[in-house]
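Visitor: Coordinates in entry34.cif, mmCIF, C-alpha atoms, are listed below.
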```cif
data_coords
loop_
_atom_site.label_atom_id
_atom_site.label_comp_id
_atom_site.auth_asym_id
_atom_site.auth_seq_id
_atom_site.Cartn_x
_atom_site.Cartn_y
_atom_site.Cartn_z
CA MET F 1 6.08 87.62 17.25
CA ALA F 2 4.06 86.68 20.33
CA ARG F 3 0.39 87.69 20.38
CA ASP F 4 -0.95 90.22 22.84
CA TYR F 5 -2.11 88.42 25.99
CA TYR F 6 -5.37 90.36 26.13
CA GLU F 7 -6.05 89.40 22.53
CA VAL F 8 -5.26 85.74 23.35
CA LEU F 9 -7.93 85.69 26.06
CA GLY F 10 -10.31 87.91 24.10
CA VAL F 11 -10.69 90.56 26.83
CA GLN F 12 -10.22 94.33 26.98
CA ARG F 13 -7.19 95.84 28.69
CA GLY F 14 -9.39 97.20 31.45
CA ALA F 15 -10.97 93.80 32.21
CA ASP F 16 -11.16 92.88 35.87
CA ALA F 17 -9.92 89.63 37.46
CA ALA F 18 -13.32 87.93 37.21
CA GLU F 19 -13.59 88.61 33.46
CA ILE F 20 -10.05 87.33 32.86
CA LYS F 21 -10.71 84.18 34.86
CA ALA F 22 -13.97 83.50 33.04
CA ALA F 23 -12.33 83.97 29.64
CA PHE F 24 -9.47 81.64 30.55
CA ARG F 25 -11.82 79.00 31.87
CA LYS F 26 -13.86 78.99 28.68
CA LEU F 27 -10.84 78.84 26.36
CA ALA F 28 -8.98 76.25 28.45
CA MET F 29 -11.95 73.91 28.35
CA GLU F 30 -12.37 74.48 24.62
CA HIS F 31 -8.74 73.82 23.68
CA HIS F 32 -7.83 71.20 26.27
CA PRO F 33 -5.73 68.48 24.52
CA ASP F 34 -7.83 65.68 26.00
CA ARG F 35 -10.92 67.12 24.38
CA ASN F 36 -9.28 67.50 21.00
CA GLY F 37 -7.68 64.09 20.54
CA GLY F 38 -4.17 65.41 21.07
CA CYS F 39 -4.42 67.84 18.14
CA GLU F 40 -1.14 69.80 17.91
CA GLN F 41 -2.95 73.02 16.97
CA ALA F 42 -5.27 72.74 20.01
CA THR F 43 -2.30 71.94 22.25
CA GLY F 44 -0.44 75.00 21.04
CA ARG F 45 -3.48 77.19 21.54
CA PHE F 46 -3.95 75.70 25.02
CA LYS F 47 -0.36 76.56 25.97
CA GLU F 48 -0.82 80.09 24.65
CA VAL F 49 -3.99 80.57 26.74
CA ASN F 50 -2.21 79.28 29.86
CA GLU F 51 0.73 81.63 29.28
CA ALA F 52 -1.56 84.61 28.91
CA TYR F 53 -3.54 83.79 32.03
CA SER F 54 -0.42 83.13 34.11
CA VAL F 55 0.61 86.74 33.49
CA LEU F 56 -2.72 88.57 33.53
CA SER F 57 -3.95 86.81 36.67
CA ASP F 58 -0.93 88.04 38.66
CA PRO F 59 -1.32 91.78 39.54
CA ASP F 60 2.44 92.45 39.58
CA LYS F 61 3.14 90.64 36.32
CA ARG F 62 0.13 92.24 34.68
CA ALA F 63 1.37 95.69 35.67
CA ALA F 64 4.82 94.92 34.25
CA TYR F 65 3.26 93.55 31.06
CA ASP F 66 1.03 96.61 30.62
CA ARG F 67 4.10 98.87 30.88
CA PHE F 68 6.82 96.94 29.07
CA GLY F 69 4.99 94.26 27.07
CA HIS F 70 6.46 90.76 26.80
CA ALA F 71 9.88 92.03 27.83
CA GLY F 72 8.45 93.11 31.18
CA VAL F 73 7.56 89.54 32.16
CA GLY F 74 10.53 87.81 30.59
CA GLY F 75 8.25 85.82 28.31
CA GLY F 76 9.45 87.13 24.96
CA GLY F 77 6.96 84.84 23.28
CA ALA F 78 9.00 81.78 24.21
CA GLY F 79 5.88 79.92 25.22
CA PHE F 80 4.48 78.75 28.51
CA GLY F 81 6.41 75.53 28.67
CA ALA F 82 9.74 77.13 27.89
CA GLY F 83 9.59 79.82 30.57
CA GLN F 84 10.35 79.61 34.22
CA ARG F 85 6.92 78.21 35.05
CA GLY F 86 6.57 74.45 34.84
CA PHE F 87 4.12 71.67 35.42
CA GLN F 88 3.52 72.58 39.04
CA ASP F 89 2.37 76.05 37.96
CA VAL F 90 -0.12 74.48 35.58
CA ASN F 91 -1.55 72.53 38.48
CA ASP F 92 -1.68 75.73 40.56
CA ILE F 93 -3.59 77.56 37.85
CA PHE F 94 -6.06 74.72 37.38
CA SER F 95 -6.56 74.35 41.10
CA GLU F 96 -7.45 78.03 41.27
CA VAL F 97 -9.70 78.21 38.22
CA PHE F 98 -11.27 74.73 38.07
CA GLY F 99 -11.22 73.83 41.77
CA ASP F 100 -15.01 73.95 41.99
CA VAL F 101 -15.29 71.48 39.10
CA PHE F 102 -12.50 69.01 39.77
CA GLY F 103 -12.55 69.27 43.57
CA GLU F 104 -9.28 68.26 45.19
CA MET F 105 -7.70 66.67 42.13
CA PHE F 106 -5.11 69.42 41.70
CA ALA F 107 -4.92 70.52 45.31
CA GLN F 108 -3.82 67.19 46.74
CA GLY F 109 -0.26 67.60 45.53
CA ARG F 110 0.25 70.66 47.67
CA ARG F 111 -1.03 69.10 50.90
CA GLY F 112 1.06 66.98 53.14
CA SER F 113 -0.27 63.42 53.32
CA THR F 114 2.08 61.93 55.88
CA GLY F 115 0.91 63.92 58.89
CA PRO F 116 -1.63 62.94 61.56
CA VAL F 117 -4.96 61.66 60.28
CA ARG F 118 -8.18 62.01 62.26
CA GLY F 119 -9.95 58.79 63.13
CA ALA F 120 -13.23 57.80 61.52
CA ASP F 121 -16.59 58.62 63.06
CA ILE F 122 -18.73 55.73 64.34
CA ARG F 123 -22.50 55.26 64.27
CA HIS F 124 -24.26 53.32 67.02
CA ASP F 125 -28.01 52.62 66.94
CA LEU F 126 -29.67 52.52 70.36
CA GLU F 127 -33.28 51.61 71.14
CA ILE F 128 -34.79 53.06 74.32
CA THR F 129 -38.18 52.87 76.02
CA LEU F 130 -40.71 55.67 76.15
CA GLU F 131 -40.18 55.82 79.91
CA GLN F 132 -36.46 56.41 79.39
CA ALA F 133 -37.23 59.12 76.84
CA TYR F 134 -39.63 60.71 79.35
CA ARG F 135 -37.41 60.69 82.43
CA GLY F 136 -33.93 60.53 80.89
CA ALA F 137 -31.58 57.66 81.67
CA ASP F 138 -27.97 56.55 81.95
CA VAL F 139 -27.42 53.66 79.53
CA GLU F 140 -24.33 51.51 79.04
CA ILE F 141 -23.50 50.68 75.45
CA VAL F 142 -20.90 48.40 73.90
CA THR F 143 -19.53 49.52 70.56
CA PRO F 144 -16.70 48.16 68.38
CA THR F 145 -13.95 50.66 67.65
CA THR F 146 -10.27 50.89 66.78
CA ALA F 147 -7.53 51.76 69.24
CA SER F 148 -3.79 52.22 68.99
CA CYS F 149 -1.95 48.94 69.36
CA ASP F 150 -0.51 48.76 72.87
CA VAL F 151 2.31 46.46 71.75
CA CYS F 152 3.87 48.65 69.05
CA GLU F 153 2.38 51.92 70.39
CA GLY F 154 0.69 52.58 67.07
CA THR F 155 3.78 52.36 64.83
CA GLY F 156 2.82 49.02 63.29
CA ALA F 157 6.39 47.80 63.62
CA LYS F 158 7.63 45.00 65.83
CA PRO F 159 8.98 46.33 69.17
CA GLY F 160 12.64 47.23 68.79
CA THR F 161 12.20 48.16 65.12
CA SER F 162 10.72 51.16 63.38
CA PRO F 163 9.09 51.89 60.02
CA SER F 164 11.40 52.95 57.20
CA VAL F 165 10.97 55.66 54.59
CA CYS F 166 9.02 54.42 51.57
CA GLY F 167 11.39 53.94 48.65
CA THR F 168 8.65 54.53 46.07
CA CYS F 169 7.54 58.01 47.15
CA GLY F 170 10.57 59.00 49.24
CA GLY F 171 8.35 59.59 52.27
CA ALA F 172 6.03 62.05 50.52
CA GLY F 173 3.10 59.65 50.48
CA ARG F 174 2.31 60.55 46.86
CA VAL F 175 3.82 59.76 43.50
CA ARG F 176 3.75 61.85 40.34
CA ALA F 177 3.38 60.64 36.78
CA ALA F 178 3.76 62.83 33.71
CA ASN F 179 0.94 62.43 31.22
CA GLY F 180 1.52 64.61 28.20
CA PHE F 181 1.23 68.23 29.21
CA PHE F 182 0.19 67.48 32.80
CA ALA F 183 1.79 65.93 35.84
CA VAL F 184 -0.74 63.85 37.80
CA GLU F 185 -0.26 62.96 41.44
CA ARG F 186 -1.83 60.05 43.28
CA THR F 187 -1.50 58.25 46.58
CA CYS F 188 1.57 56.06 46.78
CA PRO F 189 0.44 52.46 46.14
CA ARG F 190 3.16 51.00 48.32
CA CYS F 191 2.76 52.93 51.58
CA GLY F 192 -0.88 53.99 51.10
CA GLY F 193 0.00 57.64 51.61
CA GLY F 194 1.76 57.17 54.93
CA GLY F 195 5.27 57.77 53.61
CA ARG F 196 6.58 54.88 55.74
CA VAL F 197 6.66 51.12 55.25
CA VAL F 198 6.87 48.42 57.89
CA SER F 199 9.39 45.69 57.09
CA ASP F 200 8.96 43.74 60.33
CA PRO F 201 5.29 44.12 61.36
CA CYS F 202 3.91 43.88 64.88
CA VAL F 203 2.52 40.42 65.62
CA LYS F 204 -0.60 41.83 67.29
CA CYS F 205 -1.78 44.45 64.79
CA HIS F 206 0.00 42.96 61.73
CA GLY F 207 1.56 46.31 60.81
CA GLN F 208 -1.65 48.33 60.97
CA GLY F 209 -0.79 50.16 64.17
CA GLN F 210 -4.39 49.72 65.31
CA VAL F 211 -6.53 46.91 66.69
CA ARG F 212 -10.29 46.35 66.88
CA ARG F 213 -11.83 46.11 70.30
CA GLU F 214 -15.13 46.65 72.07
CA ARG F 215 -15.58 49.62 74.34
CA LYS F 216 -18.12 50.10 77.11
CA LEU F 217 -19.42 53.63 77.47
CA GLN F 218 -21.97 55.28 79.74
CA VAL F 219 -24.35 57.44 77.74
CA ARG F 220 -26.65 60.02 79.30
CA ILE F 221 -30.04 60.09 77.53
CA PRO F 222 -31.59 63.51 78.18
CA ALA F 223 -35.27 63.70 79.12
CA GLY F 224 -37.54 64.61 76.22
CA VAL F 225 -35.60 63.00 73.36
CA ASP F 226 -37.69 61.87 70.40
CA ASP F 227 -37.42 59.04 67.92
CA GLY F 228 -34.57 59.75 65.48
CA ALA F 229 -32.62 62.00 67.85
CA ARG F 230 -28.82 61.95 67.63
CA ILE F 231 -26.26 62.25 70.41
CA ARG F 232 -22.63 63.13 69.61
CA LEU F 233 -19.81 61.96 71.86
CA ALA F 234 -16.71 63.86 70.79
CA GLY F 235 -13.47 61.86 70.69
CA GLU F 236 -15.14 58.47 71.24
CA GLY F 237 -14.80 57.23 67.65
CA ASP F 238 -11.99 55.31 65.95
CA ALA F 239 -8.40 56.10 66.82
CA GLY F 240 -6.49 58.40 64.50
CA GLN F 241 -3.46 57.43 62.47
CA ARG F 242 0.06 58.71 63.06
CA GLY F 243 -0.97 60.45 66.26
CA GLY F 244 -4.13 61.98 64.86
CA PRO F 245 -7.15 62.67 67.09
CA ARG F 246 -9.96 60.18 67.56
CA GLY F 247 -13.16 60.52 65.58
CA ASP F 248 -16.58 61.04 67.13
CA LEU F 249 -19.28 58.59 68.16
CA TYR F 250 -22.81 59.34 66.95
CA ILE F 251 -25.65 57.57 68.75
CA PHE F 252 -28.92 57.41 66.81
CA LEU F 253 -31.92 56.85 69.08
CA SER F 254 -35.13 55.00 68.34
CA VAL F 255 -38.02 54.73 70.82
CA LYS F 256 -39.81 51.41 71.22
CA PRO F 257 -43.56 51.39 70.56
CA HIS F 258 -45.48 51.55 73.85
CA GLU F 259 -48.45 49.32 74.66
CA LEU F 260 -50.47 52.19 76.18
CA PHE F 261 -49.23 55.50 74.76
CA GLU F 262 -48.61 57.08 71.39
CA ARG F 263 -46.51 60.20 71.13
CA ASP F 264 -47.53 63.27 69.13
CA SER F 265 -44.79 65.87 69.52
CA LEU F 266 -44.95 66.66 73.25
CA ASP F 267 -48.42 65.19 73.77
CA LEU F 268 -49.13 61.62 74.86
CA LEU F 269 -52.24 59.92 73.47
CA CYS F 270 -53.98 57.13 75.37
CA SER F 271 -57.24 55.31 74.56
CA VAL F 272 -59.17 54.32 77.73
CA PRO F 273 -62.34 52.14 77.87
CA VAL F 274 -65.30 53.68 79.72
CA PRO F 275 -68.23 51.63 81.10
CA MET F 276 -71.45 52.44 79.27
CA CYS F 277 -73.21 53.53 82.47
CA THR F 278 -70.37 55.92 83.36
CA ALA F 279 -70.43 57.35 79.86
CA ALA F 280 -74.20 57.85 80.07
CA LEU F 281 -74.38 59.26 83.59
CA GLY F 282 -70.98 60.93 83.79
CA GLY F 283 -68.39 60.20 86.41
CA GLU F 284 -64.68 59.57 86.88
CA ILE F 285 -62.25 56.98 85.59
CA GLU F 286 -58.52 56.44 86.06
CA ALA F 287 -56.06 56.68 83.19
CA PRO F 288 -52.36 55.75 83.15
CA CYS F 289 -49.72 58.45 82.88
CA LEU F 290 -45.96 58.86 83.01
CA THR F 291 -44.29 60.72 85.82
CA SER F 292 -40.76 61.84 86.58
CA GLU F 293 -40.98 60.40 90.11
CA ALA F 294 -40.88 56.75 91.10
CA CYS F 295 -44.52 55.69 91.42
CA ASP F 296 -44.33 51.96 92.18
CA GLY F 297 -46.88 51.12 89.51
CA GLN F 298 -49.32 53.85 90.66
CA CYS F 299 -48.71 56.24 87.74
CA ARG F 300 -52.32 57.25 87.14
CA VAL F 301 -54.50 60.31 86.83
CA THR F 302 -58.23 60.89 87.43
CA VAL F 303 -60.24 61.76 84.33
CA LYS F 304 -63.68 63.34 84.53
CA VAL F 305 -66.11 61.79 82.05
CA PRO F 306 -68.87 64.21 80.94
CA GLU F 307 -72.47 62.99 80.96
CA GLY F 308 -73.45 61.43 77.64
CA ALA F 309 -69.83 60.95 76.49
CA GLN F 310 -69.46 59.15 73.17
CA THR F 311 -66.66 56.98 71.78
CA GLY F 312 -63.92 59.20 70.38
CA ARG F 313 -64.48 62.02 72.89
CA THR F 314 -61.12 63.32 74.16
CA VAL F 315 -60.22 64.79 77.52
CA ARG F 316 -56.98 66.79 77.77
CA ILE F 317 -54.95 66.67 81.02
CA LYS F 318 -52.58 69.63 81.08
CA GLY F 319 -48.88 69.10 81.83
CA LYS F 320 -48.95 65.28 81.86
CA GLY F 321 -47.25 64.80 78.49
CA MET F 322 -43.60 64.66 77.41
CA PRO F 323 -41.07 67.27 78.56
CA SER F 324 -39.19 69.33 76.00
CA LEU F 325 -35.43 68.85 75.70
CA ASN F 326 -34.74 72.20 77.31
CA GLY F 327 -37.16 71.38 80.15
CA ARG F 328 -39.06 74.65 79.76
CA GLN F 329 -42.38 73.18 78.73
CA ARG F 330 -44.34 69.96 78.92
CA GLY F 331 -47.04 68.51 76.70
CA ASP F 332 -50.48 67.19 77.66
CA LEU F 333 -51.98 63.77 78.20
CA VAL F 334 -54.85 63.35 75.73
CA VAL F 335 -57.28 60.64 76.87
CA GLU F 336 -59.55 59.25 74.16
CA LEU F 337 -62.73 57.69 75.59
CA PHE F 338 -63.91 54.33 74.26
CA VAL F 339 -67.43 53.50 75.42
CA GLU F 340 -67.62 49.80 76.22
CA THR F 341 -70.88 47.88 75.68
CA PRO F 342 -71.52 45.46 78.56
CA THR F 343 -71.40 41.73 77.81
CA ASN F 344 -72.32 38.52 79.68
CA LEU F 345 -75.42 40.13 81.23
CA THR F 346 -77.54 38.21 83.74
CA PRO F 347 -81.28 37.74 83.04
CA ARG F 348 -82.10 40.50 85.53
CA GLN F 349 -79.62 42.88 83.90
CA LYS F 350 -81.10 42.13 80.50
CA GLU F 351 -84.59 42.87 81.86
CA LEU F 352 -83.42 46.20 83.20
CA MET F 353 -81.76 47.00 79.87
CA ARG F 354 -85.04 46.28 78.04
CA GLU F 355 -86.91 48.54 80.45
CA LEU F 356 -84.36 51.28 79.79
CA ALA F 357 -84.57 50.79 76.04
CA GLY F 358 -88.37 50.94 76.13
CA SER F 359 -88.36 54.17 78.08
CA CYS F 360 -85.83 55.94 75.84
CA SER F 361 -86.88 58.13 72.91
CA ASP F 362 -85.24 60.13 70.15
CA LYS F 363 -84.38 62.68 72.80
CA GLN F 364 -82.00 60.18 74.43
CA HIS F 365 -80.60 59.04 71.07
CA PRO F 366 -80.40 62.21 68.92
CA LYS F 367 -77.70 60.89 66.60
CA HIS F 368 -79.63 57.67 66.01
CA ALA F 369 -82.80 59.61 65.22
CA GLY F 370 -81.02 62.08 62.95
CA PHE F 371 -79.30 59.33 61.02
CA PHE F 372 -82.54 57.47 60.25
CA LYS F 373 -84.27 60.67 59.17
CA LYS F 374 -81.52 61.08 56.55
CA ALA F 375 -81.78 57.41 55.61
CA LYS F 376 -85.56 57.68 55.16
CA ARG F 377 -85.14 60.60 52.73
CA PHE F 378 -82.52 58.60 50.84
CA TRP F 379 -84.84 55.58 50.49
CA THR F 380 -87.77 57.81 49.45
CA ASP F 381 -85.72 59.57 46.75
CA LEU F 382 -84.37 56.25 45.50
CA THR F 383 -87.86 54.71 45.23
CA ALA F 384 -89.28 57.78 43.46
CA GLY F 385 -86.45 57.64 40.91
CA GLN F 386 -87.20 54.00 40.09
CA GLU F 387 -90.95 54.74 39.57
CA ASP F 388 -90.12 57.52 37.07
CA GLU F 389 -88.09 55.19 34.84
CA PRO F 390 -89.93 54.20 31.60
CA VAL F 391 -91.00 50.55 31.29
CA ALA F 392 -89.29 48.81 28.39
#
```
Please re-express this file's structure in structure tokens.

Guide:
Amino acid sequence: MARDYYEVLGVQRGADAAEIKAAFRKLAMEHHPDRNGGCEQATGRFKEVNEAYSVLSDPDKRAAYDRFGHAGVGGGGAGFGAGQRGFQDVNDIFSEVFGDVFGEMFAQGRRGSTGPVRGADIRHDLEITLEQAYRGADVEIVTPTTASCDVCEGTGAKPGTSPSVCGTCGGAGRVRAANGFFAVERTCPRCGGGGRVVSDPCVKCHGQGQVRRERKLQVRIPAGVDDGARIRLAGEGDAGQRGGPRGDLYIFLSVKPHELFERDSLDLLCSVPVPMCTAALGGEIEAPCLTSEACDGQCRVTVKVPEGAQTGRTVRIKGKGMPSLNGRQRGDLVVELFVETPTNLTPRQKELMRELAGSCSDKQHPKHAGFFKKAKRFWTDLTAGQEDEPVA
């Protein structure tokens, strides 16, 4: 006499679909023949678990079973393999219950494999200048890609002939092999899943239906792009198979290092030398900048140097940095001052420098004076510590 299906799965009669599925999953993994070395007892238990789940997972069959027992579902205890459900139903059940574990292994058999196939996506690396990233630019690129063969029009067969149905898979693109309790499907090794074979191949594409070629494309680089940005050109990738759509082209941008500027988000950083006299007295210097207009080499901005400026002092020029991609804001130009000590002085200039040095005091060199006050304390403490040490 056949066992009660609820008892087989170890669930109550009022169990919901989630509880039934969880119980089946646990028992199926436990009694799977491949995990038990082909043990006949495990195989029998595995079939019994499958039979129970095939009924209790179907609302209509479960209702009939609850009302009439085994007679209501036509099972009569004959066993899963002997009923109307066959190997394909086993695959259906496993696709439903174990799809998250085994991925597409069981689902592939139910999908057509001879239809149109989308072309592959292509990656193209493009290096641009900081000026191009600032203003935006139209750049021509050359990228290798696949295209449908113009001789055979993508069929792969010599003109005047056509591909024939694959004799191995019968045009299905997949073949099935029985392995014990399961039927396993895989891509047809002869036609590669296409369902058609080319007996007389095209002389240009050698039966592939596609050829490699270089394509020239105009790419618009938007203003404000940063290093590592990606541009997608839909439909500019490899050609699809059997009439499928083309893939996409992804352009990955890198910005060349600039000899004057460094970029920090939307800000541009620039280090500018300042004559010592200008730094001491204050004044104005010119610093380079980028601009969206043609400037004929005159891209510069006036920077006010405060009196007594030191190396490392920064001056921020609003709105002279990089634009954002949406164009709604713009960063700043941050000018870092680098005080330059004069060299190659004439005797008269040296004399004047000595006069200046002799007339200056700690008031003119507060950092110098403060530093040596700290150093003097350090030397005093160090000397006192050595005098306190006992003599051996």

Visitor: Between CA of Ala120 (chain F) and CA of Thr145 (chain F), what is the distance, to one decimal in Å?

Guide: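 Going from CA of Ala120 (chain F) over to CA of Thr145 (chain F), I get 9.4 Å.
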
Visitor: Choose the residue, out of F:His258, F:Val117, F:Tyr6, F:His365, that has the smallest atom-to-atom separation from Tyr65 (chain F); count only C-alpha atoms.

Guide: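 Once distances to Tyr65 (chain F) are computed over only C-alpha atoms, the minimum belongs to F:Tyr6.
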
Visitor: Name all residues at most 10 Å from Glu214 (chain F) (count only C-alpha atoms; drop same-chain ones fewer than 4 positions away) and give them as JSON, numbers by chain.

Guide: {"F": [141, 142, 143, 144, 145, 146, 147]}

Visitor: Sort by chain and increasing residue number a table of all residues of region 225-296 of chain F within 10 Å of region 152-155 of chain F, each with its closest pair of atoms and their distance in Å to one decimal, counting all atoms listed in the file, and write it as a tab-separated table.

Guide:
```
residue	atom	partner	partner_atom	distance
F:Ala239	CA	F:Gly154	CA	9.8
F:Gly240	CA	F:Gly154	CA	9.6
F:Gln241	CA	F:Gly154	CA	7.9
F:Arg242	CA	F:Gly154	CA	7.4
F:Gly243	CA	F:Gly154	CA	8.1
```

Visitor: Which residues come within 8 Å of region 136-139 of chain F, counting all atoms listed in the file, excluding same-chain residues fewer than 3 positions away, as a PyMOL selection string?

Guide: chain F and resi 131-133+218-224

Visitor: Rank F:Asn326, F:Gln208, F:Thr291, F:Thr129 by their smallest atom-to-atom distance to Leu253 (chain F), using all atoms listed in the file, and report the top residue only.

Guide: F:Thr129

Visitor: Please report the interatomic distance between CA of Lys363 (chain F) and CA of Gly308 (chain F) in Å with one decimal.

Guide: 12.0 Å

Visitor: Any chance you could work out the residue set of the PyMOL selection byres ((chain F and resi 285) around 12) here, as a list of chain:residue names?

Guide: F:Val272, F:Pro273, F:Val274, F:Pro275, F:Cys277, F:Thr278, F:Ala279, F:Gly282, F:Gly283, F:Glu284, F:Glu286, F:Ala287, F:Pro288, F:Arg300, F:Val301, F:Thr302, F:Val303, F:Lys304, F:Val305, F:Pro306, F:Val315, F:Val335, F:Glu336, F:Leu337, F:Phe338, F:Val339

Visitor: If I take CA of Gly170 (chain F) and CA of Gly195 (chain F), how far is one from the other in Å, to one decimal?

Guide: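 Separation of CA of Gly170 (chain F) and CA of Gly195 (chain F): 7.0 Å.
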
Visitor: Closest to Leu130 (chain F) among F:Arg232, F:His32, F:Lys256, F:Arg13, using only C-alpha atoms?

Guide: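 Smallest separation from Leu130 (chain F) among the options: F:Lys256.
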
Visitor: Show which residues sit within 9 Å of Leu333 (chain F), as an MDAnalysis selection string. Count all atoms listed in the file, and ignore same-chain residues fewer than 3 positions away.

Guide: chainID F and resid 267:270 289 315:322

Visitor: Of the candidates F:Pro116, F:Gly72, F:Gly358, F:Gly327, which one gets nearest to Val225 (chain F) if we count all atoms listed in the file?

Guide: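 Among the listed residues, F:Gly327 lies closest to Val225 (chain F).
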
Visitor: I need the residue nearest Ser199 (chain F) from this list: F:Thr161, F:Ser361, F:Thr341, F:Ser148. Use all atoms listed in the file for the distance.

Guide: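 Smallest separation from Ser199 (chain F) among the options: F:Thr161.
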
Visitor: Using all atoms listed in the file, which residue out of F:Gly173, F:Gly194, F:Gly209, F:Gly69 lies closest to Val151 (chain F)?

Guide: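 Closest candidate: F:Gly209.
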